Structures are given as C-alpha cells and as structure tokens.
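Structure file final35.cif; described as mmCIF, N, CA, C and O atoms.
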data_structure
loop_
_atom_site.label_atom_id
_atom_site.label_comp_id
_atom_site.auth_asym_id
_atom_site.auth_seq_id
_atom_site.Cartn_x
_atom_site.Cartn_y
_atom_site.Cartn_z
N MET A 1 -11.42 -26.42 -14.02
CA MET A 1 -10.52 -25.35 -14.44
C MET A 1 -9.30 -25.38 -13.52
O MET A 1 -9.42 -25.36 -12.31
N ASN A 2 -8.10 -25.39 -14.13
CA ASN A 2 -6.89 -25.42 -13.30
C ASN A 2 -6.56 -24.02 -12.77
O ASN A 2 -7.19 -23.04 -13.11
N GLU A 3 -5.52 -23.94 -11.95
CA GLU A 3 -5.18 -22.69 -11.27
C GLU A 3 -4.76 -21.58 -12.24
O GLU A 3 -5.11 -20.42 -12.04
N VAL A 4 -4.04 -21.91 -13.27
CA VAL A 4 -3.59 -20.92 -14.25
C VAL A 4 -4.78 -20.35 -15.01
O VAL A 4 -4.90 -19.14 -15.20
N GLU A 5 -5.69 -21.24 -15.44
CA GLU A 5 -6.89 -20.77 -16.14
C GLU A 5 -7.76 -19.92 -15.23
O GLU A 5 -8.34 -18.94 -15.66
N GLN A 6 -7.85 -20.30 -13.96
CA GLN A 6 -8.62 -19.54 -12.98
C GLN A 6 -8.03 -18.14 -12.81
O GLN A 6 -8.74 -17.16 -12.76
N GLY A 7 -6.69 -18.05 -12.76
CA GLY A 7 -6.02 -16.76 -12.63
C GLY A 7 -6.28 -15.87 -13.83
O GLY A 7 -6.53 -14.68 -13.69
N LYS A 8 -6.22 -16.44 -15.02
CA LYS A 8 -6.48 -15.67 -16.25
C LYS A 8 -7.93 -15.21 -16.28
O LYS A 8 -8.24 -14.10 -16.71
N SER A 9 -8.84 -16.06 -15.83
CA SER A 9 -10.26 -15.71 -15.79
C SER A 9 -10.50 -14.56 -14.81
O SER A 9 -11.26 -13.64 -15.11
N ASP A 10 -9.84 -14.60 -13.66
CA ASP A 10 -9.97 -13.51 -12.68
C ASP A 10 -9.45 -12.20 -13.24
O ASP A 10 -10.05 -11.14 -13.02
N ILE A 11 -8.35 -12.26 -13.96
CA ILE A 11 -7.79 -11.05 -14.56
C ILE A 11 -8.76 -10.47 -15.58
O ILE A 11 -9.04 -9.27 -15.57
N GLU A 12 -9.31 -11.30 -16.45
CA GLU A 12 -10.25 -10.81 -17.46
C GLU A 12 -11.51 -10.23 -16.82
O GLU A 12 -12.02 -9.22 -17.26
N LYS A 13 -12.00 -10.87 -15.77
CA LYS A 13 -13.19 -10.38 -15.08
C LYS A 13 -12.92 -9.06 -14.36
O LYS A 13 -13.81 -8.22 -14.26
N GLY A 14 -11.73 -8.87 -13.86
CA GLY A 14 -11.41 -7.67 -13.09
C GLY A 14 -10.75 -6.56 -13.87
O GLY A 14 -10.50 -5.48 -13.33
N LYS A 15 -10.47 -6.80 -15.15
CA LYS A 15 -9.71 -5.82 -15.93
C LYS A 15 -10.44 -4.48 -16.07
O LYS A 15 -9.84 -3.42 -15.90
N ILE A 16 -11.73 -4.50 -16.37
CA ILE A 16 -12.48 -3.24 -16.53
C ILE A 16 -12.49 -2.45 -15.22
O ILE A 16 -12.28 -1.24 -15.21
N THR A 17 -12.70 -3.14 -14.12
CA THR A 17 -12.69 -2.48 -12.81
C THR A 17 -11.31 -1.90 -12.51
O THR A 17 -11.19 -0.77 -12.02
N ALA A 18 -10.27 -2.65 -12.82
CA ALA A 18 -8.89 -2.20 -12.57
C ALA A 18 -8.58 -0.94 -13.38
O ALA A 18 -8.01 0.02 -12.86
N ILE A 19 -8.95 -0.94 -14.64
CA ILE A 19 -8.69 0.22 -15.50
C ILE A 19 -9.50 1.42 -15.03
O ILE A 19 -9.00 2.54 -14.98
N THR A 20 -10.75 1.18 -14.65
CA THR A 20 -11.62 2.26 -14.17
C THR A 20 -11.04 2.95 -12.94
O THR A 20 -11.17 4.16 -12.78
N SER A 21 -10.37 2.19 -12.09
CA SER A 21 -9.83 2.75 -10.85
C SER A 21 -8.80 3.86 -11.09
O SER A 21 -8.60 4.70 -10.22
N TYR A 22 -8.19 3.88 -12.24
CA TYR A 22 -7.16 4.90 -12.53
C TYR A 22 -7.74 6.18 -13.15
O TYR A 22 -7.00 7.11 -13.44
N ILE A 23 -9.05 6.24 -13.33
CA ILE A 23 -9.66 7.43 -13.93
C ILE A 23 -10.02 8.41 -12.82
O ILE A 23 -11.11 8.36 -12.25
N LEU A 24 -9.10 9.25 -12.49
CA LEU A 24 -9.25 10.27 -11.46
C LEU A 24 -9.81 9.70 -10.17
O LEU A 24 -9.82 8.50 -9.96
N ILE A 25 -10.27 10.52 -9.29
CA ILE A 25 -10.79 10.07 -8.00
C ILE A 25 -12.14 9.39 -8.18
O ILE A 25 -12.44 8.40 -7.51
N ILE A 26 -12.95 9.88 -9.07
CA ILE A 26 -14.28 9.29 -9.30
C ILE A 26 -14.15 7.85 -9.79
O ILE A 26 -14.97 7.00 -9.47
N GLY A 27 -13.11 7.56 -10.55
CA GLY A 27 -12.88 6.21 -11.03
C GLY A 27 -12.62 5.23 -9.89
O GLY A 27 -13.07 4.08 -9.93
N VAL A 28 -11.92 5.69 -8.86
CA VAL A 28 -11.67 4.85 -7.69
C VAL A 28 -12.99 4.51 -7.01
O VAL A 28 -13.23 3.36 -6.64
N LEU A 29 -13.85 5.51 -6.85
CA LEU A 29 -15.14 5.27 -6.20
C LEU A 29 -16.01 4.31 -7.01
O LEU A 29 -16.65 3.42 -6.46
N ILE A 30 -16.01 4.48 -8.32
CA ILE A 30 -16.77 3.57 -9.20
C ILE A 30 -16.19 2.16 -9.11
O ILE A 30 -16.93 1.19 -8.99
N ALA A 31 -14.88 2.05 -9.15
CA ALA A 31 -14.23 0.74 -9.08
C ALA A 31 -14.50 0.05 -7.75
O ALA A 31 -14.72 -1.16 -7.70
N LEU A 32 -14.50 0.82 -6.68
CA LEU A 32 -14.80 0.24 -5.36
C LEU A 32 -16.22 -0.33 -5.34
O LEU A 32 -16.44 -1.42 -4.81
N SER A 33 -17.16 0.39 -5.92
CA SER A 33 -18.53 -0.13 -5.94
C SER A 33 -18.67 -1.33 -6.89
O SER A 33 -19.42 -2.25 -6.60
N MET A 34 -17.92 -1.32 -7.99
CA MET A 34 -17.95 -2.46 -8.91
C MET A 34 -17.37 -3.72 -8.26
O MET A 34 -17.78 -4.82 -8.56
N ASN A 35 -16.41 -3.54 -7.38
CA ASN A 35 -15.71 -4.66 -6.77
C ASN A 35 -16.26 -5.01 -5.38
O ASN A 35 -15.73 -5.87 -4.70
N ALA A 36 -17.34 -4.36 -4.97
CA ALA A 36 -17.87 -4.55 -3.62
C ALA A 36 -18.49 -5.93 -3.40
O ALA A 36 -18.25 -6.57 -2.39
N GLU A 37 -19.31 -6.37 -4.33
CA GLU A 37 -20.02 -7.64 -4.14
C GLU A 37 -19.12 -8.86 -4.31
O GLU A 37 -19.02 -9.69 -3.44
N THR A 38 -18.52 -8.97 -5.47
CA THR A 38 -17.63 -10.10 -5.74
C THR A 38 -16.20 -9.57 -5.80
O THR A 38 -15.80 -8.98 -6.79
N LYS A 39 -15.47 -9.79 -4.74
CA LYS A 39 -14.09 -9.30 -4.67
C LYS A 39 -13.23 -10.03 -5.70
O LYS A 39 -13.18 -11.24 -5.73
N ASN A 40 -12.57 -9.25 -6.54
CA ASN A 40 -11.66 -9.78 -7.53
C ASN A 40 -10.26 -9.36 -7.12
O ASN A 40 -10.00 -8.17 -6.92
N LYS A 41 -9.34 -10.31 -6.98
CA LYS A 41 -7.99 -10.01 -6.49
C LYS A 41 -7.25 -9.04 -7.42
O LYS A 41 -6.56 -8.14 -6.96
N PHE A 42 -7.40 -9.25 -8.71
CA PHE A 42 -6.72 -8.39 -9.68
C PHE A 42 -7.24 -6.95 -9.57
O PHE A 42 -6.46 -6.00 -9.49
N ALA A 43 -8.55 -6.80 -9.53
CA ALA A 43 -9.15 -5.47 -9.42
C ALA A 43 -8.77 -4.83 -8.08
O ALA A 43 -8.45 -3.64 -8.02
N SER A 44 -8.80 -5.61 -7.01
CA SER A 44 -8.44 -5.08 -5.69
C SER A 44 -7.01 -4.56 -5.66
O SER A 44 -6.73 -3.51 -5.07
N PHE A 45 -6.11 -5.29 -6.30
CA PHE A 45 -4.71 -4.85 -6.37
C PHE A 45 -4.63 -3.46 -7.01
O PHE A 45 -3.98 -2.56 -6.48
N HIS A 46 -5.29 -3.28 -8.14
CA HIS A 46 -5.20 -2.00 -8.85
C HIS A 46 -5.99 -0.89 -8.16
O HIS A 46 -5.61 0.28 -8.23
N ILE A 47 -7.06 -1.25 -7.46
CA ILE A 47 -7.79 -0.24 -6.69
C ILE A 47 -6.89 0.30 -5.58
O ILE A 47 -6.84 1.52 -5.35
N LYS A 48 -6.16 -0.57 -4.91
CA LYS A 48 -5.22 -0.13 -3.87
C LYS A 48 -4.17 0.81 -4.46
O LYS A 48 -3.83 1.84 -3.85
N GLN A 49 -3.65 0.45 -5.62
CA GLN A 49 -2.64 1.29 -6.26
C GLN A 49 -3.23 2.66 -6.61
O GLN A 49 -2.60 3.69 -6.37
N ALA A 50 -4.44 2.68 -7.15
CA ALA A 50 -5.06 3.93 -7.57
C ALA A 50 -5.44 4.80 -6.38
O ALA A 50 -5.26 6.02 -6.42
N VAL A 51 -5.96 4.20 -5.32
CA VAL A 51 -6.30 4.96 -4.11
C VAL A 51 -5.03 5.62 -3.55
O VAL A 51 -5.03 6.81 -3.24
N GLY A 52 -3.98 4.84 -3.43
CA GLY A 52 -2.72 5.38 -2.92
C GLY A 52 -2.17 6.50 -3.80
O GLY A 52 -1.73 7.53 -3.29
N LEU A 53 -2.22 6.29 -5.10
CA LEU A 53 -1.72 7.30 -6.03
C LEU A 53 -2.53 8.59 -5.91
O LEU A 53 -1.96 9.69 -5.88
N ASN A 54 -3.85 8.48 -5.83
CA ASN A 54 -4.69 9.67 -5.70
C ASN A 54 -4.45 10.40 -4.38
O ASN A 54 -4.36 11.63 -4.37
N LEU A 55 -4.36 9.66 -3.29
CA LEU A 55 -4.13 10.31 -1.99
C LEU A 55 -2.75 10.96 -1.93
O LEU A 55 -2.61 12.06 -1.38
N THR A 56 -1.76 10.31 -2.50
CA THR A 56 -0.41 10.90 -2.54
C THR A 56 -0.40 12.14 -3.41
O THR A 56 0.20 13.16 -3.06
N PHE A 57 -1.09 12.08 -4.54
CA PHE A 57 -1.19 13.23 -5.45
C PHE A 57 -1.80 14.43 -4.73
O PHE A 57 -1.28 15.55 -4.79
N ILE A 58 -2.90 14.19 -4.04
CA ILE A 58 -3.57 15.28 -3.32
C ILE A 58 -2.69 15.82 -2.20
O ILE A 58 -2.55 17.04 -2.04
N SER A 59 -2.09 14.94 -1.43
CA SER A 59 -1.26 15.35 -0.30
C SER A 59 -0.07 16.19 -0.75
O SER A 59 0.18 17.28 -0.21
N ILE A 60 0.66 15.68 -1.71
CA ILE A 60 1.83 16.43 -2.19
C ILE A 60 1.39 17.70 -2.93
O ILE A 60 2.03 18.74 -2.82
N GLY A 61 0.28 17.61 -3.64
CA GLY A 61 -0.24 18.79 -4.33
C GLY A 61 -0.57 19.92 -3.37
O GLY A 61 -0.31 21.09 -3.65
N LEU A 62 -1.15 19.57 -2.22
CA LEU A 62 -1.44 20.58 -1.21
C LEU A 62 -0.15 21.20 -0.65
O LEU A 62 -0.10 22.40 -0.40
N LEU A 63 0.87 20.37 -0.48
CA LEU A 63 2.14 20.89 0.03
C LEU A 63 2.82 21.84 -0.96
O LEU A 63 3.31 22.90 -0.57
N ILE A 64 2.84 21.45 -2.22
CA ILE A 64 3.57 22.29 -3.18
C ILE A 64 2.74 23.48 -3.66
O ILE A 64 3.29 24.37 -4.31
N SER A 65 1.48 23.53 -3.30
CA SER A 65 0.66 24.68 -3.71
C SER A 65 1.12 25.96 -3.01
O SER A 65 0.76 27.05 -3.45
N ASN A 66 1.91 25.82 -1.98
CA ASN A 66 2.44 26.99 -1.27
C ASN A 66 3.63 27.61 -2.00
O ASN A 66 4.06 28.70 -1.63
N PHE A 67 4.15 26.94 -2.99
CA PHE A 67 5.30 27.45 -3.73
C PHE A 67 4.86 28.01 -5.07
O PHE A 67 3.91 27.53 -5.66
N SER A 68 5.56 29.00 -5.52
CA SER A 68 5.24 29.55 -6.85
C SER A 68 6.44 29.35 -7.77
O SER A 68 6.99 30.28 -8.33
N ASN A 69 6.82 28.10 -7.93
CA ASN A 69 7.97 27.75 -8.74
C ASN A 69 7.51 26.78 -9.83
O ASN A 69 7.04 25.69 -9.54
N THR A 70 7.67 27.18 -11.06
CA THR A 70 7.23 26.36 -12.19
C THR A 70 7.95 25.03 -12.24
O THR A 70 7.35 24.01 -12.59
N GLN A 71 9.22 25.00 -11.89
CA GLN A 71 9.97 23.74 -11.92
C GLN A 71 9.38 22.71 -10.95
O GLN A 71 9.34 21.52 -11.26
N ILE A 72 8.91 23.16 -9.81
CA ILE A 72 8.30 22.24 -8.85
C ILE A 72 7.01 21.68 -9.42
O ILE A 72 6.75 20.47 -9.36
N TYR A 73 6.17 22.54 -10.00
CA TYR A 73 4.90 22.10 -10.56
C TYR A 73 5.10 21.12 -11.71
O TYR A 73 4.43 20.09 -11.79
N VAL A 74 6.02 21.43 -12.60
CA VAL A 74 6.27 20.57 -13.75
C VAL A 74 6.81 19.22 -13.30
O VAL A 74 6.37 18.17 -13.76
N SER A 75 7.75 19.24 -12.36
CA SER A 75 8.30 17.98 -11.83
C SER A 75 7.20 17.14 -11.18
O SER A 75 7.14 15.92 -11.38
N PHE A 76 6.34 17.78 -10.43
CA PHE A 76 5.22 17.11 -9.77
C PHE A 76 4.31 16.43 -10.80
O PHE A 76 3.98 15.26 -10.67
N TRP A 77 3.90 17.17 -11.81
CA TRP A 77 3.01 16.61 -12.83
C TRP A 77 3.67 15.51 -13.64
O TRP A 77 3.04 14.49 -13.95
N VAL A 78 4.92 15.67 -13.99
CA VAL A 78 5.63 14.63 -14.75
C VAL A 78 5.75 13.36 -13.91
O VAL A 78 5.48 12.25 -14.38
N PHE A 79 6.14 13.50 -12.65
CA PHE A 79 6.29 12.36 -11.75
C PHE A 79 4.99 11.58 -11.64
O PHE A 79 4.96 10.35 -11.81
N PHE A 80 3.89 12.25 -11.37
CA PHE A 80 2.62 11.55 -11.20
C PHE A 80 2.05 11.04 -12.51
O PHE A 80 1.36 10.02 -12.53
N THR A 81 2.32 11.72 -13.60
CA THR A 81 1.87 11.21 -14.90
C THR A 81 2.57 9.91 -15.23
O THR A 81 1.94 8.95 -15.69
N VAL A 82 3.87 9.83 -14.97
CA VAL A 82 4.62 8.59 -15.23
C VAL A 82 4.08 7.45 -14.36
O VAL A 82 3.86 6.34 -14.84
N LEU A 83 3.83 7.72 -13.07
CA LEU A 83 3.30 6.68 -12.18
C LEU A 83 1.90 6.24 -12.62
O LEU A 83 1.58 5.05 -12.63
N TRP A 84 1.07 7.19 -13.01
CA TRP A 84 -0.29 6.88 -13.46
C TRP A 84 -0.24 6.04 -14.73
O TRP A 84 -0.96 5.04 -14.85
N VAL A 85 0.58 6.41 -15.69
CA VAL A 85 0.71 5.65 -16.94
C VAL A 85 1.21 4.24 -16.65
O VAL A 85 0.71 3.26 -17.21
N PHE A 86 2.18 4.11 -15.76
CA PHE A 86 2.68 2.79 -15.38
C PHE A 86 1.55 1.94 -14.82
O PHE A 86 1.40 0.77 -15.18
N GLY A 87 0.76 2.51 -13.92
CA GLY A 87 -0.33 1.77 -13.30
C GLY A 87 -1.39 1.35 -14.28
O GLY A 87 -1.82 0.20 -14.29
N ILE A 88 -1.83 2.26 -15.12
CA ILE A 88 -2.91 1.92 -16.05
C ILE A 88 -2.43 0.95 -17.12
O ILE A 88 -3.18 0.05 -17.53
N LEU A 89 -1.19 1.08 -17.56
CA LEU A 89 -0.67 0.11 -18.54
C LEU A 89 -0.54 -1.28 -17.92
O LEU A 89 -0.80 -2.29 -18.59
N SER A 90 -0.17 -1.33 -16.66
CA SER A 90 -0.11 -2.61 -15.96
C SER A 90 -1.49 -3.25 -15.90
O SER A 90 -1.64 -4.45 -16.09
N ALA A 91 -2.51 -2.45 -15.63
CA ALA A 91 -3.88 -2.97 -15.59
C ALA A 91 -4.34 -3.45 -16.96
O ALA A 91 -4.95 -4.50 -17.09
N ILE A 92 -4.02 -2.69 -17.99
CA ILE A 92 -4.42 -3.06 -19.36
C ILE A 92 -3.75 -4.36 -19.78
O ILE A 92 -4.37 -5.21 -20.42
N LYS A 93 -2.47 -4.52 -19.42
CA LYS A 93 -1.73 -5.74 -19.78
C LYS A 93 -2.13 -6.95 -18.94
O LYS A 93 -1.74 -8.06 -19.24
N GLY A 94 -2.88 -6.73 -17.86
CA GLY A 94 -3.25 -7.83 -16.98
C GLY A 94 -2.16 -8.22 -16.01
O GLY A 94 -2.10 -9.35 -15.56
N GLU A 95 -1.31 -7.27 -15.66
CA GLU A 95 -0.19 -7.53 -14.75
C GLU A 95 -0.49 -6.94 -13.37
O GLU A 95 -1.26 -6.00 -13.25
N THR A 96 0.14 -7.50 -12.36
CA THR A 96 0.02 -6.95 -11.01
C THR A 96 1.38 -6.46 -10.53
O THR A 96 1.89 -6.89 -9.50
N LYS A 97 1.95 -5.55 -11.29
CA LYS A 97 3.22 -4.93 -10.91
C LYS A 97 2.92 -3.70 -10.06
O LYS A 97 2.15 -2.83 -10.48
N PRO A 98 3.52 -3.60 -8.88
CA PRO A 98 3.30 -2.40 -8.07
C PRO A 98 3.91 -1.17 -8.75
O PRO A 98 4.91 -1.26 -9.45
N ILE A 99 3.28 -0.04 -8.51
CA ILE A 99 3.80 1.23 -9.03
C ILE A 99 5.18 1.45 -8.41
O ILE A 99 5.37 1.24 -7.21
N PRO A 100 6.16 1.89 -9.21
CA PRO A 100 7.52 2.10 -8.67
C PRO A 100 7.53 3.05 -7.47
O PRO A 100 6.73 3.98 -7.39
N LEU A 101 8.41 2.80 -6.56
CA LEU A 101 8.67 3.59 -5.36
C LEU A 101 7.59 3.46 -4.28
O LEU A 101 7.91 3.38 -3.11
N VAL A 102 6.33 3.47 -4.63
CA VAL A 102 5.27 3.55 -3.62
C VAL A 102 4.24 2.41 -3.68
O VAL A 102 3.44 2.25 -2.77
N GLY A 103 4.25 1.61 -4.70
CA GLY A 103 3.24 0.58 -4.90
C GLY A 103 3.17 -0.46 -3.80
O GLY A 103 2.08 -0.84 -3.37
N ASN A 104 4.31 -0.93 -3.32
CA ASN A 104 4.31 -1.91 -2.23
C ASN A 104 3.74 -1.32 -0.94
O ASN A 104 3.04 -2.00 -0.19
N LEU A 105 4.04 -0.06 -0.70
CA LEU A 105 3.50 0.63 0.47
C LEU A 105 1.97 0.71 0.38
O LEU A 105 1.27 0.47 1.37
N TYR A 106 1.45 1.03 -0.79
CA TYR A 106 0.00 1.10 -0.98
C TYR A 106 -0.67 -0.24 -0.71
O TYR A 106 -1.74 -0.31 -0.12
N GLN A 107 -0.03 -1.33 -1.13
CA GLN A 107 -0.59 -2.66 -0.91
C GLN A 107 -0.69 -2.97 0.59
O GLN A 107 -1.65 -3.59 1.04
N LYS A 108 0.30 -2.53 1.36
CA LYS A 108 0.30 -2.76 2.80
C LYS A 108 -0.72 -1.87 3.52
O LYS A 108 -1.42 -2.30 4.42
N LEU A 109 -0.79 -0.60 3.10
CA LEU A 109 -1.67 0.36 3.76
C LEU A 109 -3.16 0.07 3.53
O LEU A 109 -3.99 0.29 4.41
N PHE A 110 -3.50 -0.38 2.33
CA PHE A 110 -4.90 -0.54 1.96
C PHE A 110 -5.29 -2.01 1.85
O PHE A 110 -5.90 -2.42 0.87
N LYS A 111 -4.99 -2.78 2.85
CA LYS A 111 -5.30 -4.21 2.85
C LYS A 111 -6.80 -4.49 2.78
O LYS A 111 -7.22 -5.52 2.31
N SER A 112 -7.62 -3.56 3.25
CA SER A 112 -9.06 -3.81 3.36
C SER A 112 -9.80 -3.73 2.02
O SER A 112 -10.95 -4.13 1.94
N PHE A 113 -9.17 -3.24 0.97
CA PHE A 113 -9.86 -3.12 -0.32
C PHE A 113 -9.85 -4.43 -1.03
O PHE A 113 -9.15 -5.00 -1.58
#
For this file, produce the structure as structure tokens.
Amino acid sequence: MNEVEQGKSDIEKGKITAITSYILIIGVLIALSMNAETKNKFASFHIKQAVGLNLTFISIGLLISNFSNTQIYVSFWVFFTVLWVFGILSAIKGETKPIPLVGNLYQKLFKSF
C-alpha cells in the first residue's frame, strides 16, 4: 500500500472517532478511549480540536455568566456554534483543517493526545 492509500485508510479508520469527539464533552471522553489503543493521526487531530473547543467554551462561558446581557450570550453561542460546525464538517469530509482562530493553538497545547 502506498503512502496516499495509507493516508486514506487512516482517515476512514479514524473518521468515526473524529466525529464522536465533537459530541459535547462526553464525546471527547469516548473518542479518547476509542483512540487509546491504536493511535490514529486523523482522530488525534480532531480530538485535540474538540478538547480545546470544549475547554474554551467552558472557560469563556464561566466568564460571561457574570453578565446579564443577551447580546453577549447570543454572540457567544453563535461564535462557538460556527466553530463546532466547522470542526465536525472537517471531520466528516476527512480533512485536517484547524478550527479558525484557535485550532493551531489547540494542536500545540494538546500534543499528548
């Protein structure tokens, strides 16, 4: 099997794990356990993206919970929904595109996944 075929095979093998990682926080935990024995590069990439997205969501959510402004809440939800949709669509398409603005940072921070 040549390198291109090997890459496509890795993507197909890791696609379910990658998609699972974007299903809330529990999906990240399930994906981590699915990817624990046989590390798949494609799945690992998306697990890093999903972990970062979830941690950022929680962190910023805690900060803005002190405000009672609807515009802040709506902006927060729209922003994270767009990032989440970008990430899951990338996983479905079999692409390893980092999430805009923060994806490269997540790849650096979570090297161990």
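CA of Pro98 (chain A) sits 16.6 Å away from atom O of Thr20 (chain A).
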* Determine the nearest neighbour of Ser21 (chain A) from the options A:Ala36, A:Lys48, A:Asn104, A:Phe57, counting all atoms listed in the file. =>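 Looking only at the distances to Ser21 (chain A), the closest residue turns out to be A:Lys48.
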* For atom O of Thr56 (chain A) and atom N of Thr17 (chain A), the interatomic separation in Å (one decimal) ->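 Between these atoms lies a distance of 23.5 Å.
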What are the centre and the three edge lengths of an axis-aligned box that wraps all atoms of region 45-61 of chain A in the file, given that 6 Å is added to every side, written as lines of an AutoDock Vina configuration file and rounded to one decimal in Å?
center_x = -2.9
center_y = 7.9
center_z = -4.5
size_x = 21.8
size_y = 38.4
size_z = 20.6
* Could you check how far CA of His46 (chain A) sits from CA of Tyr22 (chain A), in Å to one decimal? =>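 These atoms are spaced 8.1 Å apart.
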* List every residue of chain A that DSSP, applied to the backbone of this structure, places in alpha helix (DSSP H), and write the result as an MDAnalysis selection string. => chainID A and resid 3:20 24:34 41:64 70:93 103:109
Is there a way to complete region 14-22 of chain A with all heavy atoms and then write that out as a short mmCIF file (atom, residue, chain, number, x, y, z; two decimals), keeping the file's coordinate frame?
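After the write, out-v2.cif holds the following:
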data_model
loop_
_atom_site.label_atom_id
_atom_site.label_comp_id
_atom_site.auth_asym_id
_atom_site.auth_seq_id
_atom_site.Cartn_x
_atom_site.Cartn_y
_atom_site.Cartn_z
N GLY A 14 -11.73 -8.87 -13.86
CA GLY A 14 -11.41 -7.67 -13.09
C GLY A 14 -10.75 -6.56 -13.87
O GLY A 14 -10.50 -5.48 -13.33
N LYS A 15 -10.47 -6.80 -15.15
CA LYS A 15 -9.71 -5.82 -15.93
C LYS A 15 -10.44 -4.48 -16.07
O LYS A 15 -9.84 -3.42 -15.90
CB LYS A 15 -9.39 -6.40 -17.31
CG LYS A 15 -8.30 -5.63 -18.03
CD LYS A 15 -7.95 -6.27 -19.35
CE LYS A 15 -6.76 -7.16 -19.17
NZ LYS A 15 -6.17 -7.58 -20.46
N ILE A 16 -11.73 -4.50 -16.37
CA ILE A 16 -12.48 -3.24 -16.53
C ILE A 16 -12.49 -2.45 -15.22
O ILE A 16 -12.28 -1.24 -15.21
CB ILE A 16 -13.92 -3.52 -17.00
CG1 ILE A 16 -13.93 -4.18 -18.38
CG2 ILE A 16 -14.76 -2.24 -17.00
CD1 ILE A 16 -13.32 -3.35 -19.49
N THR A 17 -12.70 -3.14 -14.12
CA THR A 17 -12.69 -2.48 -12.81
C THR A 17 -11.31 -1.90 -12.51
O THR A 17 -11.19 -0.77 -12.02
CB THR A 17 -13.09 -3.48 -11.71
OG1 THR A 17 -14.35 -4.05 -12.04
CG2 THR A 17 -13.18 -2.81 -10.36
N ALA A 18 -10.27 -2.65 -12.82
CA ALA A 18 -8.89 -2.20 -12.57
C ALA A 18 -8.58 -0.94 -13.38
O ALA A 18 -8.01 0.02 -12.86
CB ALA A 18 -7.91 -3.31 -12.90
N ILE A 19 -8.95 -0.94 -14.64
CA ILE A 19 -8.69 0.22 -15.50
C ILE A 19 -9.50 1.42 -15.03
O ILE A 19 -9.00 2.54 -14.98
CB ILE A 19 -8.98 -0.13 -16.97
CG1 ILE A 19 -7.98 -1.18 -17.47
CG2 ILE A 19 -8.94 1.12 -17.85
CD1 ILE A 19 -8.33 -1.81 -18.81
N THR A 20 -10.75 1.18 -14.65
CA THR A 20 -11.62 2.26 -14.17
C THR A 20 -11.04 2.95 -12.94
O THR A 20 -11.17 4.16 -12.78
CB THR A 20 -13.03 1.71 -13.84
OG1 THR A 20 -13.56 1.09 -15.01
CG2 THR A 20 -13.97 2.80 -13.37
N SER A 21 -10.37 2.19 -12.09
CA SER A 21 -9.83 2.75 -10.85
C SER A 21 -8.80 3.86 -11.09
O SER A 21 -8.60 4.70 -10.22
CB SER A 21 -9.22 1.65 -9.99
OG SER A 21 -8.04 1.15 -10.55
N TYR A 22 -8.19 3.88 -12.24
CA TYR A 22 -7.16 4.90 -12.53
C TYR A 22 -7.74 6.18 -13.15
O TYR A 22 -7.00 7.11 -13.44
CB TYR A 22 -6.09 4.33 -13.46
CG TYR A 22 -5.20 3.33 -12.77
CD1 TYR A 22 -5.37 1.96 -12.94
CD2 TYR A 22 -4.19 3.76 -11.92
CE1 TYR A 22 -4.56 1.05 -12.30
CE2 TYR A 22 -3.37 2.84 -11.26
CZ TYR A 22 -3.56 1.50 -11.46
OH TYR A 22 -2.76 0.59 -10.83
#
